[in-house]
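Have a look at target.pdb below; it lists PDB, C-alpha atoms.
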MODEL        1
ATOM      1  CA  MET A   1     -16.110 -16.978   9.178
ATOM      2  CA  ALA A   2     -15.094 -14.773  12.077
ATOM      3  CA  GLU A   3     -17.200 -11.702  12.677
ATOM      4  CA  SER A   4     -16.087  -8.406  14.149
ATOM      5  CA  PRO A   5     -17.238  -8.058  17.729
ATOM      6  CA  THR A   6     -19.824  -5.408  18.601
ATOM      7  CA  ILE A   7     -18.516  -2.066  19.946
ATOM      8  CA  GLU A   8     -19.256  -3.048  23.557
ATOM      9  CA  GLY A   9     -17.845  -6.490  22.910
ATOM     10  CA  ALA A  10     -14.734  -5.013  21.293
ATOM     11  CA  ASP A  11     -14.133  -2.667  24.238
ATOM     12  CA  ALA A  12     -14.381  -5.532  26.681
ATOM     13  CA  LEU A  13     -12.104  -7.677  24.528
ATOM     14  CA  ILE A  14      -9.536  -4.869  24.279
ATOM     15  CA  GLN A  15      -9.556  -4.430  28.052
ATOM     16  CA  ARG A  16      -9.146  -8.147  28.645
ATOM     17  CA  ALA A  17      -6.408  -8.457  26.010
ATOM     18  CA  ALA A  18      -4.599  -5.411  27.408
ATOM     19  CA  ALA A  19      -4.678  -7.072  30.815
ATOM     20  CA  GLY A  20      -2.857 -10.063  29.337
ATOM     21  CA  ASP A  21      -5.717 -12.380  28.399
ATOM     22  CA  HIS A  22      -4.343 -14.353  25.427
ATOM     23  CA  ASP A  23      -7.672 -15.777  24.381
ATOM     24  CA  ALA A  24      -9.135 -12.278  24.275
ATOM     25  CA  PHE A  25      -6.182 -11.115  22.155
ATOM     26  CA  HIS A  26      -6.715 -14.034  19.782
ATOM     27  CA  GLU A  27     -10.405 -13.220  19.499
ATOM     28  CA  LEU A  28      -9.663  -9.512  19.058
ATOM     29  CA  VAL A  29      -7.194  -9.789  16.175
ATOM     30  CA  THR A  30      -8.526 -12.833  14.308
ATOM     31  CA  PRO A  31     -11.276 -10.960  12.385
ATOM     32  CA  HIS A  32      -8.641  -8.515  11.073
ATOM     33  CA  LEU A  33      -5.820 -10.995  10.461
ATOM     34  CA  SER A  34      -6.502 -11.318   6.744
ATOM     35  CA  MET A  35      -6.501  -7.524   6.284
ATOM     36  CA  PHE A  36      -3.213  -7.163   8.203
ATOM     37  CA  HIS A  37      -1.611 -10.018   6.266
ATOM     38  CA  PHE A  38      -2.489  -8.760   2.808
ATOM     39  CA  ALA A  39      -1.638  -5.138   3.638
ATOM     40  CA  ILE A  40       1.854  -6.256   4.655
ATOM     41  CA  LEU A  41       2.210  -8.613   1.681
ATOM     42  CA  ARG A  42       1.372  -5.840  -0.773
ATOM     43  CA  ILE A  43       4.094  -3.674   0.739
ATOM     44  CA  VAL A  44       6.914  -6.151   1.290
ATOM     45  CA  LYS A  45       5.946  -8.566  -1.532
ATOM     46  CA  ASP A  46       7.852 -11.514  -0.108
ATOM     47  CA  PRO A  47       5.746 -14.163   1.750
ATOM     48  CA  ALA A  48       8.488 -15.009   4.284
ATOM     49  CA  ASP A  49       9.083 -11.330   5.069
ATOM     50  CA  THR A  50       5.313 -10.912   5.331
ATOM     51  CA  GLN A  51       5.089 -13.570   8.007
ATOM     52  CA  ASP A  52       7.961 -12.004   9.970
ATOM     53  CA  ALA A  53       6.463  -8.520   9.690
ATOM     54  CA  LEU A  54       3.035  -9.819  10.695
ATOM     55  CA  GLN A  55       4.523 -11.467  13.779
ATOM     56  CA  ASP A  56       6.327  -8.245  14.716
ATOM     57  CA  GLY A  57       3.155  -6.273  14.105
ATOM     58  CA  LEU A  58       0.987  -8.584  16.218
ATOM     59  CA  LEU A  59       3.524  -8.551  19.023
ATOM     60  CA  SER A  60       3.629  -4.738  18.947
ATOM     61  CA  ILE A  61      -0.169  -4.631  19.008
ATOM     62  CA  TYR A  62      -0.196  -6.852  22.082
ATOM     63  CA  GLN A  63       2.514  -4.839  23.832
ATOM     64  CA  ASP A  64       0.990  -1.435  22.956
ATOM     65  CA  LEU A  65      -2.579  -2.436  23.750
ATOM     66  CA  PRO A  66      -2.493  -1.006  27.315
ATOM     67  CA  ARG A  67      -1.693   2.376  25.715
ATOM     68  CA  PHE A  68      -4.532   2.177  23.163
ATOM     69  CA  GLU A  69      -6.799   5.104  24.011
ATOM     70  CA  GLY A  70      -9.698   4.247  21.739
ATOM     71  CA  ARG A  71      -9.503   7.518  19.810
ATOM     72  CA  SER A  72      -9.656   5.535  16.586
ATOM     73  CA  GLN A  73     -11.103   2.125  15.829
ATOM     74  CA  PHE A  74      -8.997  -0.767  17.062
ATOM     75  CA  SER A  75      -8.695  -2.138  13.519
ATOM     76  CA  SER A  76      -7.337   1.182  12.144
ATOM     77  CA  TRP A  77      -4.893   1.545  15.017
ATOM     78  CA  ALA A  78      -3.671  -2.037  14.698
ATOM     79  CA  TYR A  79      -3.551  -1.766  10.911
ATOM     80  CA  ARG A  80      -1.129   1.166  11.181
ATOM     81  CA  ILE A  81       1.105  -0.843  13.483
ATOM     82  CA  CYS A  82       1.222  -3.659  10.914
ATOM     83  CA  VAL A  83       1.964  -1.199   8.093
ATOM     84  CA  ASN A  84       4.792   0.175  10.239
ATOM     85  CA  SER A  85       6.189  -3.338  10.615
ATOM     86  CA  ALA A  86       6.066  -3.739   6.845
ATOM     87  CA  LEU A  87       7.862  -0.413   6.386
ATOM     88  CA  GLN A  88      10.507  -1.549   8.847
ATOM     89  CA  VAL A  89      11.144  -4.590   6.638
ATOM     90  CA  LEU A  90      11.674  -2.262   3.684
ATOM     91  CA  ARG A  91      14.079  -0.095   5.717
ATOM     92  CA  ASN A  92      16.076  -3.154   6.743
ATOM     93  CA  ARG A  93      16.106  -4.357   3.169
ATOM     94  CA  LYS A  94      17.314  -0.963   1.975
ATOM     95  CA  ARG A  95      20.113  -1.005   4.537
ATOM     96  CA  ARG A  96      21.146  -4.480   3.406
ATOM     97  CA  ARG A  97      21.012  -3.404  -0.244
ATOM     98  CA  GLU A  98      23.133  -0.337   0.470
ATOM     99  CA  GLN A  99      25.647  -2.505   2.231
ATOM    100  CA  PHE A 100      25.614  -4.899  -0.702
ATOM    101  CA  MET A 101      26.114  -2.045  -3.174
ATOM    102  CA  GLU A 102      28.979  -0.697  -1.125
ATOM    103  CA  ASP A 103      30.580  -4.117  -1.252
ATOM    104  CA  LEU A 104      30.074  -4.268  -4.998
ATOM    105  CA  ALA A 105      31.253  -0.720  -5.619
ATOM    106  CA  SER A 106      34.887  -1.694  -5.541
ATOM    107  CA  GLN A 107      34.231  -4.197  -8.340
ATOM    108  CA  GLY A 108      32.431  -1.614 -10.460
ATOM    109  CA  ASP A 109      29.312  -3.770 -10.735
ATOM    110  CA  ASP A 110      25.939  -2.061 -10.673
ATOM    111  CA  GLU A 111      22.960  -4.294 -10.873
ATOM    112  CA  GLY A 112      20.966  -2.671  -8.104
ATOM    113  CA  ARG A 113      17.332  -1.835  -8.527
ATOM    114  CA  PRO A 114      16.865   1.650 -10.010
ATOM    115  CA  MET A 115      15.244   4.050  -7.563
ATOM    116  CA  ASP A 116      13.705   6.399 -10.115
ATOM    117  CA  ALA A 117      10.663   5.337 -12.064
ATOM    118  CA  GLU A 118      11.952   7.370 -15.000
ATOM    119  CA  ALA A 119      15.189   5.426 -14.975
ATOM    120  CA  MET A 120      13.471   2.077 -15.174
ATOM    121  CA  PRO A 121      13.330   0.081 -18.380
ATOM    122  CA  GLU A 122      10.114   0.316 -20.324
ATOM    123  CA  TRP A 123       7.891  -2.709 -20.022
ATOM    124  CA  SER A 124       6.900  -3.045 -23.599
ATOM    125  CA  ILE A 125       3.278  -3.517 -24.458
ATOM    126  CA  GLU A 126       2.207  -3.396 -28.057
ATOM    127  CA  PRO A 127      -0.073  -0.390 -28.515
ATOM    128  CA  ASP A 128      -2.695  -2.609 -30.068
ATOM    129  CA  ALA A 129      -2.289  -5.479 -27.622
ATOM    130  CA  PRO A 130      -5.525  -7.385 -27.068
ATOM    131  CA  ILE A 131      -7.638  -5.589 -24.498
ATOM    132  CA  GLN A 132      -9.737  -8.519 -23.478
ATOM    133  CA  LEU A 133      -7.233 -10.353 -21.335
ATOM    134  CA  GLU A 134      -8.498 -12.822 -18.816
ATOM    135  CA  ARG A 135      -8.925 -11.417 -15.328
ATOM    136  CA  GLU A 136      -6.136 -13.546 -13.913
ATOM    137  CA  GLU A 137      -3.764 -12.462 -16.665
ATOM    138  CA  ILE A 138      -4.590  -8.843 -15.920
ATOM    139  CA  ARG A 139      -4.080  -9.397 -12.197
ATOM    140  CA  VAL A 140      -0.671 -10.987 -12.778
ATOM    141  CA  ARG A 141       0.290  -8.189 -15.159
ATOM    142  CA  MET A 142      -0.791  -5.584 -12.614
ATOM    143  CA  MET A 143       1.205  -7.269  -9.840
ATOM    144  CA  LYS A 144       4.300  -7.549 -12.013
ATOM    145  CA  THR A 145       4.040  -3.900 -13.000
ATOM    146  CA  LEU A 146       3.530  -2.858  -9.384
ATOM    147  CA  ASP A 147       6.632  -4.854  -8.469
ATOM    148  CA  LEU A 148       8.664  -2.808 -10.938
ATOM    149  CA  LEU A 149       8.050   0.320  -8.898
ATOM    150  CA  PRO A 150      10.666   1.376  -6.368
ATOM    151  CA  ASP A 151       9.561   0.743  -2.773
ATOM    152  CA  THR A 152       9.068   4.453  -2.060
ATOM    153  CA  LEU A 153       6.502   4.783  -4.840
ATOM    154  CA  ARG A 154       4.847   1.380  -4.418
ATOM    155  CA  VAL A 155       4.179   1.904  -0.725
ATOM    156  CA  VAL A 156       2.398   5.204  -1.352
ATOM    157  CA  PHE A 157       0.333   3.711  -4.196
ATOM    158  CA  VAL A 158      -0.659   0.704  -2.098
ATOM    159  CA  LEU A 159      -1.622   2.785   0.941
ATOM    160  CA  LYS A 160      -3.501   5.413  -1.032
ATOM    161  CA  ASP A 161      -5.056   3.664  -4.003
ATOM    162  CA  ILE A 162      -5.556   0.154  -2.668
ATOM    163  CA  GLU A 163      -5.923   0.648   1.086
ATOM    164  CA  ASP A 164      -7.738   4.000   0.722
ATOM    165  CA  MET A 165      -5.693   5.694   3.414
ATOM    166  CA  ASP A 166      -5.901   9.437   3.842
ATOM    167  CA  THR A 167      -3.009  11.487   2.356
ATOM    168  CA  GLN A 168      -2.258  13.125   5.715
ATOM    169  CA  ASP A 169      -2.233   9.730   7.471
ATOM    170  CA  ILE A 170       0.207   8.373   4.889
ATOM    171  CA  ALA A 171       2.391  11.444   5.344
ATOM    172  CA  ASN A 172       2.419  10.908   9.116
ATOM    173  CA  LEU A 173       3.150   7.217   8.757
ATOM    174  CA  LEU A 174       6.024   7.701   6.311
ATOM    175  CA  GLU A 175       7.259  10.906   7.985
ATOM    176  CA  ILE A 176       7.052  12.912   4.778
ATOM    177  CA  THR A 177       4.884  15.876   3.778
ATOM    178  CA  PRO A 178       1.496  15.480   2.047
ATOM    179  CA  THR A 179       3.054  17.208  -0.977
ATOM    180  CA  VAL A 180       5.701  14.485  -1.211
ATOM    181  CA  VAL A 181       2.969  11.847  -0.832
ATOM    182  CA  ARG A 182       1.139  13.344  -3.814
ATOM    183  CA  GLN A 183       4.358  13.608  -5.835
ATOM    184  CA  ARG A 184       5.181   9.946  -5.228
ATOM    185  CA  LEU A 185       1.591   8.936  -5.900
ATOM    186  CA  HIS A 186       1.656  10.836  -9.172
ATOM    187  CA  ARG A 187       4.869   9.177 -10.303
ATOM    188  CA  ALA A 188       3.519   5.755  -9.343
ATOM    189  CA  ARG A 189       0.214   6.321 -11.122
ATOM    190  CA  MET A 190       1.883   7.674 -14.266
ATOM    191  CA  PHE A 191       4.264   4.717 -14.332
ATOM    192  CA  LEU A 192       1.437   2.206 -13.897
ATOM    193  CA  GLN A 193      -1.003   3.797 -16.312
ATOM    194  CA  ALA A 194       1.665   3.967 -19.012
ATOM    195  CA  ARG A 195       2.379   0.276 -18.681
ATOM    196  CA  LEU A 196      -1.222  -0.824 -18.220
ATOM    197  CA  LYS A 197      -2.672   1.476 -20.850
ATOM    198  CA  PRO A 198      -4.329  -1.198 -23.008
ATOM    199  CA  VAL A 199      -5.910  -2.833 -19.965
ATOM    200  CA  LEU A 200      -7.065   0.451 -18.456
ATOM    201  CA  SER A 201      -8.413   1.694 -21.783
ATOM    202  CA  GLY A 202     -10.403  -1.516 -22.078
ATOM    203  CA  ARG A 203     -12.038  -0.775 -18.726
ATOM    204  CA  LEU A 204     -13.181   2.749 -19.572
TER     205      LEU A 204
ATOM    206  CA  MET B   1      -6.107  28.252 -25.465
ATOM    207  CA  MET B   2      -4.647  31.431 -24.041
ATOM    208  CA  GLY B   3      -4.416  31.319 -20.257
ATOM    209  CA  LEU B   4      -5.144  27.612 -20.159
ATOM    210  CA  PRO B   5      -2.513  25.151 -18.943
ATOM    211  CA  THR B   6      -0.550  23.193 -21.534
ATOM    212  CA  CYS B   7      -0.818  19.402 -21.872
ATOM    213  CA  LYS B   8       2.480  19.042 -20.024
ATOM    214  CA  GLU B   9       1.237  21.221 -17.150
ATOM    215  CA  VAL B  10      -2.022  19.291 -16.998
ATOM    216  CA  GLU B  11      -0.175  15.969 -16.949
ATOM    217  CA  SER B  12       2.139  17.017 -14.135
ATOM    218  CA  SER B  13      -0.758  18.411 -12.057
ATOM    219  CA  MET B  14      -3.162  15.532 -12.620
ATOM    220  CA  THR B  15      -2.821  13.853  -9.222
ATOM    221  CA  ASP B  16      -2.986  17.194  -7.389
ATOM    222  CA  TYR B  17      -6.112  17.940  -9.444
ATOM    223  CA  MET B  18      -7.696  14.595  -8.577
ATOM    224  CA  GLU B  19      -6.776  15.066  -4.916
ATOM    225  CA  GLY B  20      -8.365  18.519  -4.813
ATOM    226  CA  ALA B  21      -5.020  20.039  -3.859
ATOM    227  CA  LEU B  22      -4.980  22.809  -6.465
ATOM    228  CA  PRO B  23      -6.199  26.396  -6.124
ATOM    229  CA  LEU B  24      -9.511  27.147  -7.810
ATOM    230  CA  ARG B  25      -8.031  29.037 -10.775
ATOM    231  CA  LYS B  26      -5.684  26.197 -11.690
ATOM    232  CA  ARG B  27      -8.407  23.623 -11.156
ATOM    233  CA  LEU B  28     -10.760  25.424 -13.508
ATOM    234  CA  GLY B  29      -8.010  25.777 -16.114
ATOM    235  CA  ILE B  30      -7.418  22.031 -16.036
ATOM    236  CA  ARG B  31     -11.128  21.273 -16.167
ATOM    237  CA  VAL B  32     -11.552  23.370 -19.301
ATOM    238  CA  HIS B  33      -8.420  21.851 -20.840
ATOM    239  CA  LEU B  34      -9.771  18.350 -20.205
ATOM    240  CA  MET B  35     -13.000  19.228 -22.007
ATOM    241  CA  MET B  36     -11.020  20.304 -25.051
ATOM    242  CA  CYS B  37      -8.160  17.804 -25.176
ATOM    243  CA  ASP B  38      -8.771  14.132 -25.945
ATOM    244  CA  LEU B  39      -5.232  13.078 -25.027
ATOM    245  CA  CYS B  40      -5.332  14.590 -21.550
ATOM    246  CA  SER B  41      -8.916  13.482 -21.075
ATOM    247  CA  GLY B  42      -7.842   9.904 -21.896
ATOM    248  CA  LEU B  43      -5.017  10.105 -19.387
ATOM    249  CA  TYR B  44      -7.374  11.525 -16.751
ATOM    250  CA  HIS B  45      -9.833   8.686 -17.197
ATOM    251  CA  ARG B  46      -7.092   6.052 -17.093
ATOM    252  CA  LEU B  47      -5.803   7.554 -13.851
ATOM    253  CA  LEU B  48      -9.336   7.541 -12.477
ATOM    254  CA  ALA B  49      -9.775   3.885 -13.431
ATOM    255  CA  LEU B  50      -6.422   2.786 -12.014
ATOM    256  CA  PRO B  51      -7.229   2.715  -8.247
ATOM    257  CA  ALA B  52     -10.540   0.939  -8.852
ATOM    258  CA  MET B  53      -8.815  -1.671 -10.988
ATOM    259  CA  ALA B  54      -6.012  -2.123  -8.452
ATOM    260  CA  LYS B  55      -8.535  -2.593  -5.622
ATOM    261  CA  ASP B  56     -10.648  -4.940  -7.688
ATOM    262  CA  LEU B  57      -7.713  -7.134  -8.669
ATOM    263  CA  LEU B  58      -5.384  -6.977  -5.702
ATOM    264  CA  ARG B  59      -7.592  -6.793  -2.624
ATOM    265  CA  PRO B  60      -8.176 -10.187  -1.064
ATOM    266  CA  THR B  61     -11.602 -11.619  -1.721
ATOM    267  CA  ALA B  62     -11.499 -14.198   1.062
ATOM    268  CA  LYS B  63     -12.291 -12.878   4.539
ATOM    269  CA  ALA B  64     -10.625 -15.807   6.247
ATOM    270  CA  ALA B  65      -6.958 -15.289   6.999
ATOM    271  CA  PRO B  66      -4.531 -17.490   5.081
ATOM    272  CA  GLN B  67      -2.798 -20.300   6.942
ATOM    273  CA  GLU B  68       0.506 -18.435   7.200
ATOM    274  CA  ALA B  69      -1.242 -15.521   8.910
ATOM    275  CA  GLN B  70      -2.809 -17.895  11.433
ATOM    276  CA  ALA B  71       0.615 -19.429  11.944
ATOM    277  CA  ALA B  72       2.083 -15.973  12.648
ATOM    278  CA  LEU B  73      -0.609 -15.329  15.260
ATOM    279  CA  ASP B  74      -0.031 -18.735  16.851
ATOM    280  CA  GLN B  75       3.685 -18.006  17.026
ATOM    281  CA  VAL B  76       3.060 -14.641  18.694
ATOM    282  CA  LEU B  77       0.714 -16.209  21.250
ATOM    283  CA  LYS B  78       3.352 -18.843  21.961
ATOM    284  CA  THR B  79       5.987 -16.142  22.504
ATOM    285  CA  ILE B  80       3.693 -14.159  24.777
ATOM    286  CA  ARG B  81       2.842 -17.220  26.865
ATOM    287  CA  LYS B  82       6.509 -18.133  27.117
ATOM    288  CA  ASP B  83       7.495 -14.601  28.189
ATOM    289  CA  LYS B  84       4.688 -14.524  30.712
ATOM    290  CA  GLY B  85       5.721 -17.898  32.053
ATOM    291  CA  GLN B  86       9.273 -16.653  32.526
ATOM    292  CA  GLY B  87       8.024 -13.445  34.165
ATOM    293  CA  CYS B  88       6.068 -15.280  36.860
TER     294      CYS B  88
ENDMDL
END
Spell out the structure here as structure tokens.
Amino acid sequence: MAESPTIEGADALIQRAAAGDHDAFHELVTPHLSMFHFAILRIVKDPADTQDALQDGLLSIYQDLPRFEGRSQFSSWAYRICVNSALQVLRNRKRRREQFMEDLASQGDDEGRPMDAEAMPEWSIEPDAPIQLEREEIRVRMMKTLDLLPDTLRVVFVLKDIEDMDTQDIANLLEITPTVVRQRLHRARMFLQARLKPVLSGRL
Amino acid sequence: MMGLPTCKEVESSMTDYMEGALPLRKRLGIRVHLMMCDLCSGLYHRLLALPAMAKDLLRPTAKAAPQEAQAALDQVLKTIRKDKGQGC
């Protein structure tokens, strides 16, 4: 298993990688590769898009490395770049979807994904559904429920409640206000808790 | 419960409350309401449990990067080497 380099070691690696040393770049990013990959996957959901976004992110990290000032940890800085790549995938997807909807509009078809959590169909769970589901079942249920959220809400939930990012950092990253971050987070949490109520109640 | 927030107000302010984004007076009102209302208290505890459950279930357990992530890095290194080769 790869270990994170020491602070001195990391600084030297960063300098060498920024100067164009490929081996140093490989050594620098490898310990964080798993974190970058799964952060992107949780945002974009699709494995092929994840790989593309990860490539873009890694390339940006390499290109921006000479401008890295060391004011934050390398992993946090690079992580944000990867999250940005994931967000770019969502923006591209949204553009494609809008184009698709425009094309469909003339035919009066509307099967696009609803953007409001309130407008989404209820995912029915019997109130007295068995609480003791197997861990894997619960994980799959959680992932499916998370996938029902619109991108705008899912991204905030993932960054805040799974990745533990600071509200202000999320606001900066998404170019929205902290108030909007909290509003989206609230809608995401309410949506999820309503649909995962039996599971969550079993954990209390 | 004169002066205390209603269940609807508590529900809509729950995330702000958990984030510490409410003024003291509102925060205290919600805290007292939660002590008196089982429904809102249940919701509060489910919302508290949600992030922990999401982390527990959805964060990767393996430290090693999956093969596709390694492949992405290899591809990037290949691109960089190619670009550098062309630049020389």
Distance table requested - chain A against chain B, cut-off 7 Å, all atoms listed in the file: one row per qualifying residue with the closest atom pair and its distance in Å to one decimal, ordered by chain and rising residue number, as a Markdown table.
| residue | atom | partner | partner_atom | distance |
| --- | --- | --- | --- | --- |
| A:Met1 | CA | B:Ala64 | CA | 6.3 |
| A:His22 | CA | B:Leu77 | CA | 6.8 |
| A:Leu33 | CA | B:Ala65 | CA | 5.6 |
| A:Ser34 | CA | B:Ala65 | CA | 4.0 |
| A:His37 | CA | B:Ala69 | CA | 6.1 |
| A:Gln51 | CA | B:Ala72 | CA | 6.0 |
| A:Leu54 | CA | B:Ala72 | CA | 6.5 |
| A:Gln55 | CA | B:Ala72 | CA | 5.2 |
| A:Leu58 | CA | B:Val76 | CA | 6.9 |
| A:Leu59 | CA | B:Val76 | CA | 6.1 |
| A:Arg139 | CA | B:Leu57 | CA | 5.5 |
| A:Asp161 | CA | B:Pro51 | CA | 4.9 |
| A:Ile162 | CA | B:Lys55 | CA | 5.0 |
| A:Arg182 | CA | B:Asp16 | CA | 6.7 |
| A:His186 | CA | B:Thr15 | CA | 5.4 |
| A:Arg189 | CA | B:Leu47 | CA | 6.7 |
| A:Gln193 | CA | B:Arg46 | CA | 6.5 |
| A:Leu200 | CA | B:Arg46 | CA | 5.8 |
| A:Ser201 | CA | B:Arg46 | CA | 6.5 |
Output of the above residues as a compact mmCIF listing (two decimals), in the frame of the given file, restricted to C-alpha atoms:
# COMPACT_ATOMS: atom_id res chain seq x y z
CA MET A 1 -16.11 -16.98 9.18
CA HIS A 22 -4.34 -14.35 25.43
CA LEU A 33 -5.82 -11.00 10.46
CA SER A 34 -6.50 -11.32 6.74
CA HIS A 37 -1.61 -10.02 6.27
CA GLN A 51 5.09 -13.57 8.01
CA LEU A 54 3.04 -9.82 10.70
CA GLN A 55 4.52 -11.47 13.78
CA LEU A 58 0.99 -8.58 16.22
CA LEU A 59 3.52 -8.55 19.02
CA ARG A 139 -4.08 -9.40 -12.20
CA ASP A 161 -5.06 3.66 -4.00
CA ILE A 162 -5.56 0.15 -2.67
CA ARG A 182 1.14 13.34 -3.81
CA HIS A 186 1.66 10.84 -9.17
CA ARG A 189 0.21 6.32 -11.12
CA GLN A 193 -1.00 3.80 -16.31
CA LEU A 200 -7.06 0.45 -18.46
CA SER A 201 -8.41 1.69 -21.78
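Between CA of Gln63 in chain A and CA of Gly9 in chain A the interatomic distance comes to 20.4 Å.
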Would you kindly return, as a ChimeraX atom specification, each protein, DNA or RNA residue with an atom no farther than 12 Å from any atom of Glu69 in chain A, considering only C-alpha atoms and excluding same-chain residues fewer than 3 positions away?
-> /A:11,14-15,18,64-66,72-74,77
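Using all atoms listed in the file, the smallest distance between any of B:Leu24, B:Asp83, B:Ile30, B:Cys37 and Glu9 in chain B comes from B:Ile30.
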When you draw a straight line from CA of Val155 in chain A to CA of Ser76 in chain A, how long is it in Å?
-> 17.3 Å
Take the PyMOL selection byres ((chain A and resi 81) around 10), apply it to the structure above, and return the hits as a list of chain:residue names.
->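 The output of the PyMOL selection byres ((chain A and resi 81) around 10) on this file is A:Phe36, A:Leu54, A:Asp56, A:Gly57, A:Leu58, A:Leu59, A:Ser60, A:Ile61, A:Asp64, A:Ser75, A:Ser76, A:Trp77, A:Ala78, A:Tyr79, A:Arg80, A:Cys82, A:Val83, A:Asn84, A:Ser85, A:Ala86, A:Leu87, A:Leu173.
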Which distance in Å separates CA of Cys7 in chain B and CA of Thr179 in chain A, to one decimal?
->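 About the pair CA of Cys7 in chain B and CA of Thr179 in chain A: they are 21.4 Å apart.
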Residues in the PyMOL selection byres ((chain A and resi 90) around 12), expressed as a ChimeraX atom specification = /A:40-46,49-50,53,83-89,91-97,150-152,154-155,174
Convert the output of the PyMOL selection byres ((chain A and resi 169) around 12) on the shown file into explicit residues, formatted as a PDB file with C-alpha atoms, in the frame of the given file.
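Saved file part_26.pdb follows:
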ATOM      1  CA  SER A  76      -7.337   1.182  12.144  1.00  0.00           C
ATOM      2  CA  TRP A  77      -4.893   1.545  15.017  1.00  0.00           C
ATOM      3  CA  ARG A  80      -1.129   1.166  11.181  1.00  0.00           C
ATOM      4  CA  VAL A  83       1.964  -1.199   8.093  1.00  0.00           C
ATOM      5  CA  VAL A 156       2.398   5.204  -1.352  1.00  0.00           C
ATOM      6  CA  LEU A 159      -1.622   2.785   0.941  1.00  0.00           C
ATOM      7  CA  LYS A 160      -3.501   5.413  -1.032  1.00  0.00           C
ATOM      8  CA  GLU A 163      -5.923   0.648   1.086  1.00  0.00           C
ATOM      9  CA  ASP A 164      -7.738   4.000   0.722  1.00  0.00           C
ATOM     10  CA  MET A 165      -5.693   5.694   3.414  1.00  0.00           C
ATOM     11  CA  ASP A 166      -5.901   9.437   3.842  1.00  0.00           C
ATOM     12  CA  THR A 167      -3.009  11.487   2.356  1.00  0.00           C
ATOM     13  CA  GLN A 168      -2.258  13.125   5.715  1.00  0.00           C
ATOM     14  CA  ILE A 170       0.207   8.373   4.889  1.00  0.00           C
ATOM     15  CA  ALA A 171       2.391  11.444   5.344  1.00  0.00           C
ATOM     16  CA  ASN A 172       2.419  10.908   9.116  1.00  0.00           C
ATOM     17  CA  LEU A 173       3.150   7.217   8.757  1.00  0.00           C
ATOM     18  CA  LEU A 174       6.024   7.701   6.311  1.00  0.00           C
ATOM     19  CA  GLU A 175       7.259  10.906   7.985  1.00  0.00           C
ATOM     20  CA  ILE A 176       7.052  12.912   4.778  1.00  0.00           C
ATOM     21  CA  THR A 177       4.884  15.876   3.778  1.00  0.00           C
ATOM     22  CA  PRO A 178       1.496  15.480   2.047  1.00  0.00           C
ATOM     23  CA  VAL A 181       2.969  11.847  -0.832  1.00  0.00           C
TER      24      VAL A 181
END
Would you mind listing what lies within 9 Å of Pro5 in chain B as a ChimeraX atom specification, with only C-alpha atoms counted and same-chain residues fewer than 4 positions away left out?
-> /B:1,9-10,26,29-30,33
With N, CA and C atoms retained, output range 58-69 of chain A as an mmCIF file, in the first residue's frame.
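File written: out_15.cif
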data_model
loop_
_atom_site.group_PDB
_atom_site.id
_atom_site.type_symbol
_atom_site.label_atom_id
_atom_site.label_comp_id
_atom_site.auth_asym_id
_atom_site.auth_seq_id
_atom_site.Cartn_x
_atom_site.Cartn_y
_atom_site.Cartn_z
ATOM 1 N N LEU A 58 -6.251 15.039 -13.261
ATOM 2 C CA LEU A 58 -4.818 14.766 -13.080
ATOM 3 C C LEU A 58 -3.971 15.641 -14.006
ATOM 4 N N LEU A 59 -4.476 15.833 -15.212
ATOM 5 C CA LEU A 59 -3.747 16.678 -16.162
ATOM 6 C C LEU A 59 -3.707 18.129 -15.666
ATOM 7 N N SER A 60 -4.844 18.595 -15.136
ATOM 8 C CA SER A 60 -4.890 19.958 -14.582
ATOM 9 C C SER A 60 -3.940 20.094 -13.395
ATOM 10 N N ILE A 61 -3.907 19.048 -12.559
ATOM 11 C CA ILE A 61 -3.005 19.083 -11.400
ATOM 12 C C ILE A 61 -1.564 19.250 -11.890
ATOM 13 N N TYR A 62 -1.217 18.447 -12.881
ATOM 14 C CA TYR A 62 0.154 18.501 -13.415
ATOM 15 C C TYR A 62 0.454 19.891 -13.995
ATOM 16 N N GLN A 63 -0.506 20.406 -14.773
ATOM 17 C CA GLN A 63 -0.268 21.706 -15.419
ATOM 18 C C GLN A 63 -0.248 22.867 -14.419
ATOM 19 N N ASP A 64 -1.074 22.757 -13.351
ATOM 20 C CA ASP A 64 -1.165 23.858 -12.379
ATOM 21 C C ASP A 64 -0.129 23.758 -11.262
ATOM 22 N N LEU A 65 0.560 22.643 -11.212
ATOM 23 C CA LEU A 65 1.514 22.408 -10.122
ATOM 24 C C LEU A 65 2.544 23.537 -9.952
ATOM 25 N N PRO A 66 3.076 24.117 -11.038
ATOM 26 C CA PRO A 66 4.040 25.215 -10.834
ATOM 27 C C PRO A 66 3.416 26.416 -10.116
ATOM 28 N N ARG A 67 2.071 26.509 -10.155
ATOM 29 C CA ARG A 67 1.409 27.641 -9.480
ATOM 30 C C ARG A 67 0.926 27.278 -8.072
ATOM 31 N N PHE A 68 1.146 26.028 -7.658
ATOM 32 C CA PHE A 68 0.740 25.616 -6.308
ATOM 33 C C PHE A 68 1.627 26.319 -5.284
ATOM 34 N N GLU A 69 0.982 27.081 -4.389
ATOM 35 C CA GLU A 69 1.765 27.914 -3.462
ATOM 36 C C GLU A 69 1.953 27.280 -2.088
#
